[in-house]
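Engineer: Got a structure here, written out as structure tokens. Questions coming.
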2 protein chains.
Amino acid sequence: MPASTQEPSLTRSVEDYLKAIFQLSHQGGFATTRDIAGLLTLAAPSVSGMVKRLSEMGLIEHVPYRGVQLTSQGRRAALKMIRRHRVLELYLTRHLGYDWDNVHSEAERLEHAVSDDLIERMAAALGNPRYDPHGDPIPSATGDIEETELVSLADAAIGAELELQQVGTQDAARLRYFAEQGLVPGVRVSVTDRQPFNGPTTVYLNASGTARIVGRELGQLLWCHLADEGS
Amino acid sequence: MPASTQEPSLTRSVEDYLKAIFQLSHQGGFATTRDIAGLLTLAAPSVSGMVKRLSEMGLIEHVPYRGVQLTSQGRRAALKMIRRHRVLELYLTRHLGYDWDNVHSEAERLEHAVSDDLIERMAAALGNPRYDPHGDPIPSATGDIEETELVSLADAAIGAELELQQVGTQDAARLRYFAEQGLVPGVRVSVTDRQPFNGPTTVYLNASGTARIVGRELGQLLWCHLADEGS
DNA sequence: TGATCATATTAGGTTAGACTAATGTCTCTT
DNA sequence: AAGAGACATTAGTCTAACCTAATATGATCA
């Protein structure tokens with residue numbers, strides 16, 4: 001008989017593992033036991049145990065001693081969780097006064113409890129947005145996600161005109177600092193200079209006409225695409 | 001040393017048990033094992049086991065073979081869950097287009113996942129409301145709940161002028177029927193007649209000037225208070 | 001009063017998901 | 001090619017919650 005089309009309602013833990021594996025195997029590689037354990041702050045043997053269950057459930061492919069990858073079923077489930085998370089983050093910031101630096105943990109708990117129906121209502125109330133408050137793309141309800149070619153500010157060419165697209169951290173202190181500096185998704189910058197030996201990058205904020213000096217560590221969190229011509 | 005003021009974060013199950021016990025022991029009586037099991041659709045021995053844990057945690061008082069009652073700590077936790085549930089129900093109906101007959105199960109899942117902060121933000125966005133969509137009073141953030149003297153429509157005196165206050169069911173079909181009939185919280189009615197031998201009650205809807213005949217079973221779900229003079 | 005029956009509790013088992021300690025495997029360097 | 005060190009897995013334990021089957025309690029009625 002064919003596989004049931006009815007999704008069997010996964011546990012919270014399973015949902016968290018799938019999301020973690022999605023993030024870690026993003027570039028087509030394997031997610032290792034150690035990295036999953038690190039991301040979820042679990043002991044490695046707990047992960048080995050769950051990996052066995054997930055692969056019996058057909059959600060992941062496990063190559064012993066090498067790592068795991070999501071199956072298409074697992075990927076679908078992971079993208080669903082990511083959609084939920086990002087829609088929630090945007091809804092909480094737009095409609096309930098959350099800031100981009102404190103919205104993560106609330107969404108992290110709610111994403112396991114909301115229904116698909118509620119998420120679609122929130123998405124509709126937001127006008128079916130494509131990006132969350134950190135600039136990350138929101139997967140569609142059908143599980144498609146935008147793949148973009150991004151450069152980190154720390155590696156962008158001198159002279160480039162960039163638009164800041166994603167901020168690659170959930171750390172509240174760093175997010176607050178970025179916000180203070182005006183480094184938020186959507187902002188246009190010009191790369192004017194970079195000091196040698198992995199030194200800081202200097203950028204010019206096109207809107208305010210002010211400069212910012214961004215160290216390498218933070219610059220690697222700021223993902224940009226080449227700015228369009230015009231405004 | 002004094003008891004910690006830090007609430008130790010209860011599990012979902014514990015939260016559900018406390019809510020159930022609150023409902024069942026509302027009038028100061030004991031909640032029995034059997035009734036708790038019925039309400040949560042669990043086997044009786046599961047309840048016995050949890051009762052032991054809850055009373056070790058100091059959340060309930062257990063009299064063997066008689067039943068349980070909430071301690072003040074347990075009552076506080078139960079009221080917190082009821083506040084969450086009712087604020088969520090109202091928020092979902094007012095801001096996300098839910099109807100009063102489908103909002104219950106969504107709130108039932110979310111109430112375990114939201115933070116206090118989020119509930120207070122929702123309550124503020126609603127203007128710190130006192131009643132949920134079914135007319136049930138919303139406990140305050142400090143754990144006080146309004147106690148009102150209510151009569152069911154099925155038992156109200158002939159000739160009484162009433163305001164419908166609470167609808168005592170979560171059953172979607174009954175709720176839809178009530179809504180169709182215009183029998184929703186806030187509505188003013190006059191009791192014009194009741195047929196003998198537990199027969200139906202006839203009421204007059206003051207606003208629309210139409211009559212409704214309400215059978216005993218449904219009438220017992222419609223809780224009213226005496227209407228004020230004036231409009 | 002005592003038998004009966006509803007209800008409560010205890011006994012013992014299951015599952016998911018975590019843990020530590022012990023053991024296997026792979027890779028990298030010498 | 002061998003051994004060290006990093007990483008993964010297996011073995012065995014624990015806890016929260018559930019379950020069924022067996023037993024105890026207490027209320028009711030002949």
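Chain identifiers are assigned as A, B, and so on, following the order in which chains appear in the structure tokens; residues are numbered from 1 within each chain, and ligands are numbered from 1 in order of appearance.
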For the reference chain B, what are the coordinates of chain A after least-squares fitting (all Cα, in-order pairing), as a PDB file with C-alpha atoms, in the first residue's frame?
Structural biologist:
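Dumped to out-v3.pdb:
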ATOM      1  CA  MET A   1      13.909  27.977  54.637  1.00  0.00           C
ATOM      2  CA  PRO A   2      10.835  29.568  53.098  1.00  0.00           C
ATOM      3  CA  ALA A   3       9.179  28.085  50.042  1.00  0.00           C
ATOM      4  CA  SER A   4      10.669  29.400  46.843  1.00  0.00           C
ATOM      5  CA  THR A   5       8.627  32.162  45.248  1.00  0.00           C
ATOM      6  CA  GLN A   6       9.901  31.034  41.870  1.00  0.00           C
ATOM      7  CA  GLU A   7       7.224  29.055  40.086  1.00  0.00           C
ATOM      8  CA  PRO A   8       8.927  25.865  38.924  1.00  0.00           C
ATOM      9  CA  SER A   9       7.364  25.711  35.455  1.00  0.00           C
ATOM     10  CA  LEU A  10       4.815  22.933  35.373  1.00  0.00           C
ATOM     11  CA  THR A  11       4.437  20.334  32.652  1.00  0.00           C
ATOM     12  CA  ARG A  12       1.581  20.396  30.189  1.00  0.00           C
ATOM     13  CA  SER A  13      -0.066  17.467  31.919  1.00  0.00           C
ATOM     14  CA  VAL A  14       0.132  19.081  35.310  1.00  0.00           C
ATOM     15  CA  GLU A  15      -1.375  22.265  33.915  1.00  0.00           C
ATOM     16  CA  ASP A  16      -4.248  20.305  32.416  1.00  0.00           C
ATOM     17  CA  TYR A  17      -4.930  18.456  35.651  1.00  0.00           C
ATOM     18  CA  LEU A  18      -4.990  21.669  37.649  1.00  0.00           C
ATOM     19  CA  LYS A  19      -7.415  23.295  35.245  1.00  0.00           C
ATOM     20  CA  ALA A  20      -9.665  20.242  35.350  1.00  0.00           C
ATOM     21  CA  ILE A  21      -9.595  20.122  39.135  1.00  0.00           C
ATOM     22  CA  PHE A  22     -10.399  23.812  39.320  1.00  0.00           C
ATOM     23  CA  GLN A  23     -13.444  23.342  37.141  1.00  0.00           C
ATOM     24  CA  LEU A  24     -14.655  20.285  39.033  1.00  0.00           C
ATOM     25  CA  SER A  25     -14.160  21.640  42.531  1.00  0.00           C
ATOM     26  CA  HIS A  26     -15.481  25.071  41.665  1.00  0.00           C
ATOM     27  CA  GLN A  27     -18.205  25.093  44.279  1.00  0.00           C
ATOM     28  CA  GLY A  28     -15.799  24.297  47.100  1.00  0.00           C
ATOM     29  CA  GLY A  29     -16.327  20.556  46.859  1.00  0.00           C
ATOM     30  CA  PHE A  30     -13.937  17.753  46.020  1.00  0.00           C
ATOM     31  CA  ALA A  31     -12.963  16.700  42.528  1.00  0.00           C
ATOM     32  CA  THR A  32     -13.120  12.920  42.309  1.00  0.00           C
ATOM     33  CA  THR A  33     -10.683  10.679  40.496  1.00  0.00           C
ATOM     34  CA  ARG A  34     -13.429   9.479  38.258  1.00  0.00           C
ATOM     35  CA  ASP A  35     -14.548  12.956  37.224  1.00  0.00           C
ATOM     36  CA  ILE A  36     -11.019  14.121  36.514  1.00  0.00           C
ATOM     37  CA  ALA A  37     -10.446  11.016  34.415  1.00  0.00           C
ATOM     38  CA  GLY A  38     -13.683  11.690  32.569  1.00  0.00           C
ATOM     39  CA  LEU A  39     -12.857  15.311  31.846  1.00  0.00           C
ATOM     40  CA  LEU A  40      -9.341  14.577  30.620  1.00  0.00           C
ATOM     41  CA  THR A  41     -10.328  11.256  29.008  1.00  0.00           C
ATOM     42  CA  LEU A  42      -7.749   9.260  30.924  1.00  0.00           C
ATOM     43  CA  ALA A  43      -7.929   5.980  32.781  1.00  0.00           C
ATOM     44  CA  ALA A  44      -8.638   6.294  36.497  1.00  0.00           C
ATOM     45  CA  PRO A  45      -5.289   4.830  37.634  1.00  0.00           C
ATOM     46  CA  SER A  46      -3.433   7.456  35.604  1.00  0.00           C
ATOM     47  CA  VAL A  47      -5.258  10.044  37.636  1.00  0.00           C
ATOM     48  CA  SER A  48      -4.465   8.319  40.929  1.00  0.00           C
ATOM     49  CA  GLY A  49      -0.802   8.412  39.974  1.00  0.00           C
ATOM     50  CA  MET A  50      -0.839  12.075  39.054  1.00  0.00           C
ATOM     51  CA  VAL A  51      -2.820  12.944  42.174  1.00  0.00           C
ATOM     52  CA  LYS A  52      -0.012  11.505  44.243  1.00  0.00           C
ATOM     53  CA  ARG A  53       2.579  13.620  42.393  1.00  0.00           C
ATOM     54  CA  LEU A  54       0.487  16.783  42.569  1.00  0.00           C
ATOM     55  CA  SER A  55      -0.057  16.453  46.257  1.00  0.00           C
ATOM     56  CA  GLU A  56       3.655  15.827  46.836  1.00  0.00           C
ATOM     57  CA  MET A  57       4.257  19.037  44.902  1.00  0.00           C
ATOM     58  CA  GLY A  58       1.877  20.858  47.226  1.00  0.00           C
ATOM     59  CA  LEU A  59      -0.537  21.782  44.463  1.00  0.00           C
ATOM     60  CA  ILE A  60      -3.500  19.799  45.762  1.00  0.00           C
ATOM     61  CA  GLU A  61      -4.862  18.335  48.984  1.00  0.00           C
ATOM     62  CA  HIS A  62      -5.811  14.675  48.637  1.00  0.00           C
ATOM     63  CA  VAL A  63      -8.313  12.896  50.853  1.00  0.00           C
ATOM     64  CA  PRO A  64      -8.041   9.222  49.861  1.00  0.00           C
ATOM     65  CA  TYR A  65     -11.199   7.735  48.419  1.00  0.00           C
ATOM     66  CA  ARG A  66     -12.869  11.109  48.641  1.00  0.00           C
ATOM     67  CA  GLY A  67     -11.171  13.404  46.141  1.00  0.00           C
ATOM     68  CA  VAL A  68      -8.901  16.393  45.827  1.00  0.00           C
ATOM     69  CA  GLN A  69      -8.989  20.138  46.235  1.00  0.00           C
ATOM     70  CA  LEU A  70      -6.522  22.746  45.072  1.00  0.00           C
ATOM     71  CA  THR A  71      -4.175  24.360  47.560  1.00  0.00           C
ATOM     72  CA  SER A  72      -3.763  28.087  47.216  1.00  0.00           C
ATOM     73  CA  GLN A  73      -0.643  27.452  45.175  1.00  0.00           C
ATOM     74  CA  GLY A  74      -2.547  25.067  42.934  1.00  0.00           C
ATOM     75  CA  ARG A  75      -5.411  27.471  42.589  1.00  0.00           C
ATOM     76  CA  ARG A  76      -3.052  30.223  41.564  1.00  0.00           C
ATOM     77  CA  ALA A  77      -1.548  28.018  38.867  1.00  0.00           C
ATOM     78  CA  ALA A  78      -5.001  26.943  37.649  1.00  0.00           C
ATOM     79  CA  LEU A  79      -6.236  30.515  37.426  1.00  0.00           C
ATOM     80  CA  LYS A  80      -3.153  31.444  35.484  1.00  0.00           C
ATOM     81  CA  MET A  81      -3.976  28.773  32.913  1.00  0.00           C
ATOM     82  CA  ILE A  82      -7.577  29.911  32.769  1.00  0.00           C
ATOM     83  CA  ARG A  83      -6.467  33.477  32.224  1.00  0.00           C
ATOM     84  CA  ARG A  84      -4.227  32.337  29.407  1.00  0.00           C
ATOM     85  CA  HIS A  85      -6.961  30.294  27.826  1.00  0.00           C
ATOM     86  CA  ARG A  86      -9.554  33.020  27.926  1.00  0.00           C
ATOM     87  CA  VAL A  87      -7.251  35.810  26.779  1.00  0.00           C
ATOM     88  CA  LEU A  88      -6.157  33.592  23.898  1.00  0.00           C
ATOM     89  CA  GLU A  89      -9.733  32.789  22.937  1.00  0.00           C
ATOM     90  CA  LEU A  90     -10.648  36.437  22.869  1.00  0.00           C
ATOM     91  CA  TYR A  91      -7.513  37.454  20.983  1.00  0.00           C
ATOM     92  CA  LEU A  92      -8.021  34.776  18.346  1.00  0.00           C
ATOM     93  CA  THR A  93     -11.639  35.786  17.788  1.00  0.00           C
ATOM     94  CA  ARG A  94     -11.026  39.523  17.790  1.00  0.00           C
ATOM     95  CA  HIS A  95      -7.778  39.696  15.852  1.00  0.00           C
ATOM     96  CA  LEU A  96      -7.500  36.555  13.779  1.00  0.00           C
ATOM     97  CA  GLY A  97     -11.009  35.838  12.635  1.00  0.00           C
ATOM     98  CA  TYR A  98     -11.786  32.763  14.720  1.00  0.00           C
ATOM     99  CA  ASP A  99     -15.378  31.994  15.656  1.00  0.00           C
ATOM    100  CA  TRP A 100     -16.418  31.248  19.179  1.00  0.00           C
ATOM    101  CA  ASP A 101     -17.080  27.634  18.265  1.00  0.00           C
ATOM    102  CA  ASN A 102     -13.642  26.758  16.877  1.00  0.00           C
ATOM    103  CA  VAL A 103     -11.382  28.763  19.115  1.00  0.00           C
ATOM    104  CA  HIS A 104     -11.304  26.378  22.041  1.00  0.00           C
ATOM    105  CA  SER A 105      -8.916  23.714  20.792  1.00  0.00           C
ATOM    106  CA  GLU A 106      -6.437  26.230  19.430  1.00  0.00           C
ATOM    107  CA  ALA A 107      -6.339  28.005  22.789  1.00  0.00           C
ATOM    108  CA  GLU A 108      -6.085  24.662  24.539  1.00  0.00           C
ATOM    109  CA  ARG A 109      -2.741  23.988  22.854  1.00  0.00           C
ATOM    110  CA  LEU A 110      -1.371  27.511  22.935  1.00  0.00           C
ATOM    111  CA  GLU A 111      -2.061  28.069  26.621  1.00  0.00           C
ATOM    112  CA  HIS A 112       0.822  25.750  27.478  1.00  0.00           C
ATOM    113  CA  ALA A 113       3.294  27.465  25.174  1.00  0.00           C
ATOM    114  CA  VAL A 114       2.760  31.193  25.606  1.00  0.00           C
ATOM    115  CA  SER A 115       4.794  33.295  28.025  1.00  0.00           C
ATOM    116  CA  ASP A 116       3.233  35.526  30.648  1.00  0.00           C
ATOM    117  CA  ASP A 117       4.646  38.430  28.702  1.00  0.00           C
ATOM    118  CA  LEU A 118       2.802  37.469  25.535  1.00  0.00           C
ATOM    119  CA  ILE A 119      -0.479  37.043  27.377  1.00  0.00           C
ATOM    120  CA  GLU A 120      -0.138  40.480  28.915  1.00  0.00           C
ATOM    121  CA  ARG A 121       0.601  41.971  25.505  1.00  0.00           C
ATOM    122  CA  MET A 122      -2.490  40.301  24.078  1.00  0.00           C
ATOM    123  CA  ALA A 123      -4.586  41.438  27.015  1.00  0.00           C
ATOM    124  CA  ALA A 124      -3.319  44.988  26.526  1.00  0.00           C
ATOM    125  CA  ALA A 125      -4.064  44.850  22.796  1.00  0.00           C
ATOM    126  CA  LEU A 126      -7.606  43.841  23.751  1.00  0.00           C
ATOM    127  CA  GLY A 127      -7.944  46.660  26.287  1.00  0.00           C
ATOM    128  CA  ASN A 128      -7.644  44.394  29.336  1.00  0.00           C
ATOM    129  CA  PRO A 129     -10.976  42.693  28.807  1.00  0.00           C
ATOM    130  CA  ARG A 130     -13.003  41.120  31.602  1.00  0.00           C
ATOM    131  CA  TYR A 131     -14.872  38.428  29.667  1.00  0.00           C
ATOM    132  CA  ASP A 132     -13.963  35.902  26.995  1.00  0.00           C
ATOM    133  CA  PRO A 133     -16.082  35.216  23.872  1.00  0.00           C
ATOM    134  CA  HIS A 134     -18.278  32.791  25.811  1.00  0.00           C
ATOM    135  CA  GLY A 135     -18.866  35.375  28.518  1.00  0.00           C
ATOM    136  CA  ASP A 136     -16.685  33.634  31.076  1.00  0.00           C
ATOM    137  CA  PRO A 137     -14.813  36.047  33.327  1.00  0.00           C
ATOM    138  CA  ILE A 138     -11.077  36.359  32.674  1.00  0.00           C
ATOM    139  CA  PRO A 139      -9.032  36.109  35.883  1.00  0.00           C
ATOM    140  CA  SER A 140      -6.757  39.092  36.476  1.00  0.00           C
ATOM    141  CA  ALA A 141      -2.998  38.742  36.123  1.00  0.00           C
ATOM    142  CA  THR A 142      -2.872  38.655  39.921  1.00  0.00           C
ATOM    143  CA  GLY A 143      -5.211  35.657  40.026  1.00  0.00           C
ATOM    144  CA  ASP A 144      -8.506  37.197  41.056  1.00  0.00           C
ATOM    145  CA  ILE A 145     -11.636  35.983  39.352  1.00  0.00           C
ATOM    146  CA  GLU A 146     -15.071  37.507  39.363  1.00  0.00           C
ATOM    147  CA  GLU A 147     -17.678  35.365  41.069  1.00  0.00           C
ATOM    148  CA  THR A 148     -21.168  36.041  39.861  1.00  0.00           C
ATOM    149  CA  GLU A 149     -24.580  34.830  40.918  1.00  0.00           C
ATOM    150  CA  LEU A 150     -26.048  33.274  37.796  1.00  0.00           C
ATOM    151  CA  VAL A 151     -29.293  31.446  36.946  1.00  0.00           C
ATOM    152  CA  SER A 152     -29.625  29.081  34.054  1.00  0.00           C
ATOM    153  CA  LEU A 153     -32.281  29.995  31.536  1.00  0.00           C
ATOM    154  CA  ALA A 154     -33.926  26.655  32.240  1.00  0.00           C
ATOM    155  CA  ASP A 155     -34.475  27.645  35.860  1.00  0.00           C
ATOM    156  CA  ALA A 156     -35.112  31.381  35.593  1.00  0.00           C
ATOM    157  CA  ALA A 157     -38.377  32.752  36.934  1.00  0.00           C
ATOM    158  CA  ILE A 158     -41.135  33.504  34.427  1.00  0.00           C
ATOM    159  CA  GLY A 159     -41.244  37.242  33.785  1.00  0.00           C
ATOM    160  CA  ALA A 160     -37.573  37.787  34.596  1.00  0.00           C
ATOM    161  CA  GLU A 161     -35.554  40.265  32.572  1.00  0.00           C
ATOM    162  CA  LEU A 162     -32.165  38.667  32.024  1.00  0.00           C
ATOM    163  CA  GLU A 163     -28.852  39.323  30.388  1.00  0.00           C
ATOM    164  CA  LEU A 164     -27.152  36.248  28.975  1.00  0.00           C
ATOM    165  CA  GLN A 165     -23.723  36.088  30.548  1.00  0.00           C
ATOM    166  CA  GLN A 166     -22.041  32.748  29.973  1.00  0.00           C
ATOM    167  CA  VAL A 167     -22.535  29.841  27.636  1.00  0.00           C
ATOM    168  CA  GLY A 168     -21.520  26.699  29.448  1.00  0.00           C
ATOM    169  CA  THR A 169     -20.299  24.448  26.667  1.00  0.00           C
ATOM    170  CA  GLN A 170     -17.421  24.165  24.245  1.00  0.00           C
ATOM    171  CA  ASP A 171     -19.339  21.911  21.877  1.00  0.00           C
ATOM    172  CA  ALA A 172     -19.044  23.456  18.416  1.00  0.00           C
ATOM    173  CA  ALA A 173     -22.436  22.266  17.143  1.00  0.00           C
ATOM    174  CA  ARG A 174     -24.287  23.672  20.139  1.00  0.00           C
ATOM    175  CA  LEU A 175     -22.307  26.915  19.982  1.00  0.00           C
ATOM    176  CA  ARG A 176     -23.147  27.352  16.304  1.00  0.00           C
ATOM    177  CA  TYR A 177     -26.798  26.736  17.054  1.00  0.00           C
ATOM    178  CA  PHE A 178     -26.809  29.301  19.852  1.00  0.00           C
ATOM    179  CA  ALA A 179     -25.167  31.828  17.545  1.00  0.00           C
ATOM    180  CA  GLU A 180     -27.812  31.208  14.853  1.00  0.00           C
ATOM    181  CA  GLN A 181     -30.520  31.756  17.432  1.00  0.00           C
ATOM    182  CA  GLY A 182     -28.913  34.986  18.578  1.00  0.00           C
ATOM    183  CA  LEU A 183     -28.259  33.526  22.014  1.00  0.00           C
ATOM    184  CA  VAL A 184     -24.812  34.992  22.679  1.00  0.00           C
ATOM    185  CA  PRO A 185     -23.348  36.684  25.771  1.00  0.00           C
ATOM    186  CA  GLY A 186     -24.640  40.195  26.283  1.00  0.00           C
ATOM    187  CA  VAL A 187     -28.070  39.589  24.793  1.00  0.00           C
ATOM    188  CA  ARG A 188     -31.132  40.745  26.797  1.00  0.00           C
ATOM    189  CA  VAL A 189     -34.078  38.404  27.081  1.00  0.00           C
ATOM    190  CA  SER A 190     -37.409  38.262  28.871  1.00  0.00           C
ATOM    191  CA  VAL A 191     -38.645  34.923  30.112  1.00  0.00           C
ATOM    192  CA  THR A 192     -42.243  34.688  28.949  1.00  0.00           C
ATOM    193  CA  ASP A 193     -43.215  31.091  29.527  1.00  0.00           C
ATOM    194  CA  ARG A 194     -42.143  27.593  30.500  1.00  0.00           C
ATOM    195  CA  GLN A 195     -43.986  24.380  29.816  1.00  0.00           C
ATOM    196  CA  PRO A 196     -44.495  22.016  32.742  1.00  0.00           C
ATOM    197  CA  PHE A 197     -42.582  18.829  33.581  1.00  0.00           C
ATOM    198  CA  ASN A 198     -39.145  20.161  32.649  1.00  0.00           C
ATOM    199  CA  GLY A 199     -40.482  21.532  29.413  1.00  0.00           C
ATOM    200  CA  PRO A 200     -38.923  24.199  27.212  1.00  0.00           C
ATOM    201  CA  THR A 201     -38.624  27.840  28.193  1.00  0.00           C
ATOM    202  CA  THR A 202     -39.904  30.583  25.909  1.00  0.00           C
ATOM    203  CA  VAL A 203     -37.927  33.807  25.837  1.00  0.00           C
ATOM    204  CA  TYR A 204     -38.297  37.055  24.011  1.00  0.00           C
ATOM    205  CA  LEU A 205     -35.159  38.631  22.528  1.00  0.00           C
ATOM    206  CA  ASN A 206     -35.456  42.272  23.508  1.00  0.00           C
ATOM    207  CA  ALA A 207     -33.198  43.559  20.710  1.00  0.00           C
ATOM    208  CA  SER A 208     -34.763  41.819  17.736  1.00  0.00           C
ATOM    209  CA  GLY A 209     -38.255  41.481  19.184  1.00  0.00           C
ATOM    210  CA  THR A 210     -38.461  37.792  18.319  1.00  0.00           C
ATOM    211  CA  ALA A 211     -39.217  34.763  20.470  1.00  0.00           C
ATOM    212  CA  ARG A 212     -37.162  31.615  21.031  1.00  0.00           C
ATOM    213  CA  ILE A 213     -38.176  28.296  22.513  1.00  0.00           C
ATOM    214  CA  VAL A 214     -35.300  26.716  24.375  1.00  0.00           C
ATOM    215  CA  GLY A 215     -35.394  23.096  25.534  1.00  0.00           C
ATOM    216  CA  ARG A 216     -34.258  22.182  29.016  1.00  0.00           C
ATOM    217  CA  GLU A 217     -30.922  20.671  28.052  1.00  0.00           C
ATOM    218  CA  LEU A 218     -29.792  23.730  26.161  1.00  0.00           C
ATOM    219  CA  GLY A 219     -31.389  26.116  28.623  1.00  0.00           C
ATOM    220  CA  GLN A 220     -29.189  24.700  31.354  1.00  0.00           C
ATOM    221  CA  LEU A 221     -26.140  25.838  29.395  1.00  0.00           C
ATOM    222  CA  LEU A 222     -27.276  29.458  29.200  1.00  0.00           C
ATOM    223  CA  TRP A 223     -26.267  31.292  32.358  1.00  0.00           C
ATOM    224  CA  CYS A 224     -27.821  34.677  32.973  1.00  0.00           C
ATOM    225  CA  HIS A 225     -27.885  37.462  35.500  1.00  0.00           C
ATOM    226  CA  LEU A 226     -30.761  39.790  36.242  1.00  0.00           C
ATOM    227  CA  ALA A 227     -30.703  42.670  33.769  1.00  0.00           C
ATOM    228  CA  ASP A 228     -30.019  46.197  35.009  1.00  0.00           C
ATOM    229  CA  GLU A 229     -32.659  48.815  34.543  1.00  0.00           C
ATOM    230  CA  GLY A 230     -32.180  51.014  31.470  1.00  0.00           C
ATOM    231  CA  SER A 231     -31.039  50.382  27.911  1.00  0.00           C
TER     232      SER A 231
END
Engineer: DSSP on the backbone: what in stretch 13-200 of chain A comes out strand (DSSP E), as JSON, numbers by chain?
Structural biologist: {"A": [60, 61, 62, 63, 67, 68, 69, 70, 151, 152, 161, 162, 163, 164, 165, 166, 167, 188, 189, 190, 191, 192, 193, 194]}
Engineer: Enumerate, as JSON, numbers by chain, the complete set of residues in chain A that a backbone-based DSSP assignment places in alpha helix (DSSP H).
Structural biologist: {"A": [12, 13, 14, 15, 16, 17, 18, 19, 20, 21, 22, 23, 24, 33, 34, 35, 36, 37, 38, 39, 40, 44, 45, 46, 47, 48, 49, 50, 51, 52, 53, 54, 55, 56, 72, 73, 74, 75, 76, 77, 78, 79, 80, 81, 82, 83, 84, 85, 86, 87, 88, 89, 90, 91, 92, 93, 94, 95, 96, 103, 104, 105, 106, 107, 108, 109, 110, 116, 117, 118, 119, 120, 121, 122, 123, 124, 125, 172, 173, 174, 175, 176, 177, 178, 179, 180, 216, 217, 218, 219]}
Engineer: For atom C1' of C:DA3 and atom C1' of D:DT20, determine how far apart the two atoms are, in Å to one decimal place.
Structural biologist: 27.0 Å
Engineer: Can you list every residue of chain C that has an atom at most 12 Å from chain B, with its nearest atom pair and the distance in Å to one decimal, using only C-alpha atoms (C1' of nucleotides), ordered by chain then number, as CSV?
Structural biologist:
residue,atom,partner,partner_atom,distance
C:DA6,C1',B:Arg34,CA,10.5
C:DT7,C1',B:Arg34,CA,7.4
C:DA8,C1',B:Tyr65,CA,5.6
C:DT9,C1',B:Ser48,CA,7.0
C:DT10,C1',B:Pro45,CA,9.0
C:DA11,C1',B:Pro45,CA,11.0
Engineer: Filtering to N, CA and C atoms (P, O5', C5', C4', C3', O3' and C1' of nucleotides), could you give me those residues as a compact mmCIF listing (two decimals), in the first residue's frame?
Structural biologist:
# COMPACT_ATOMS: atom_id res chain seq x y z
P DA C 6 -22.03 -1.24 39.53
O5' DA C 6 -21.42 0.22 39.72
C5' DA C 6 -22.11 1.13 40.57
C4' DA C 6 -21.10 1.98 41.31
C3' DA C 6 -20.04 2.61 40.41
O3' DA C 6 -19.97 3.98 40.74
C1' DA C 6 -19.01 1.44 42.19
P DT C 7 -19.17 4.97 39.85
O5' DT C 7 -17.81 5.10 40.68
C5' DT C 7 -17.85 5.61 42.00
C4' DT C 7 -16.53 5.35 42.65
C3' DT C 7 -15.33 5.87 41.86
O3' DT C 7 -14.76 6.90 42.64
C1' DT C 7 -14.92 3.72 42.80
P DA C 8 -13.39 7.58 42.34
O5' DA C 8 -12.37 6.63 43.14
C5' DA C 8 -12.45 6.58 44.56
C4' DA C 8 -11.16 5.99 45.12
C3' DA C 8 -9.90 6.55 44.49
O3' DA C 8 -9.05 6.90 45.57
C1' DA C 8 -9.97 4.16 44.25
P DT C 9 -7.56 7.36 45.38
O5' DT C 9 -6.81 5.95 45.38
C5' DT C 9 -6.81 5.19 46.59
C4' DT C 9 -6.01 3.92 46.38
C3' DT C 9 -4.57 4.15 45.93
O3' DT C 9 -3.74 3.59 46.94
C1' DT C 9 -5.61 2.45 44.64
P DT C 10 -2.15 3.69 46.86
O5' DT C 10 -1.74 2.25 46.30
C5' DT C 10 -2.09 1.09 47.04
C4' DT C 10 -1.68 -0.14 46.25
C3' DT C 10 -0.21 -0.14 45.80
O3' DT C 10 0.28 -1.43 46.12
C1' DT C 10 -1.59 -0.54 43.96
P DA C 11 1.80 -1.79 46.05
O5' DA C 11 1.85 -2.74 44.76
C5' DA C 11 0.77 -3.64 44.48
C4' DA C 11 1.09 -4.41 43.20
C3' DA C 11 2.56 -4.35 42.77
O3' DA C 11 2.90 -5.62 42.22
C1' DA C 11 1.22 -3.45 41.06
Engineer: Find the residues of chain D in contact range of chain A, meaning any atom within 10 Å when counting only C-alpha atoms (C1' of nucleotides), and list them as a PyMOL selection string.
Structural biologist: chain D and resi 7-10
Engineer: What lies within 10 Å of D:DA27 using only C-alpha atoms (C1' of nucleotides), ignoring chain neighbours under 2 positions off, as a list in words?
Structural biologist: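 Here the qualifying residues turn out to be DC5 and DA6 of chain C; DT25 and DC29 of chain D.
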Engineer: Considering only C-alpha atoms (C1' of nucleotides), can you say which of D:DA11, D:DA22, D:DA16, D:DA30 comes closest to C:DT23?
Structural biologist: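 Answer, going by the shortest atom-to-atom distance: D:DA11.
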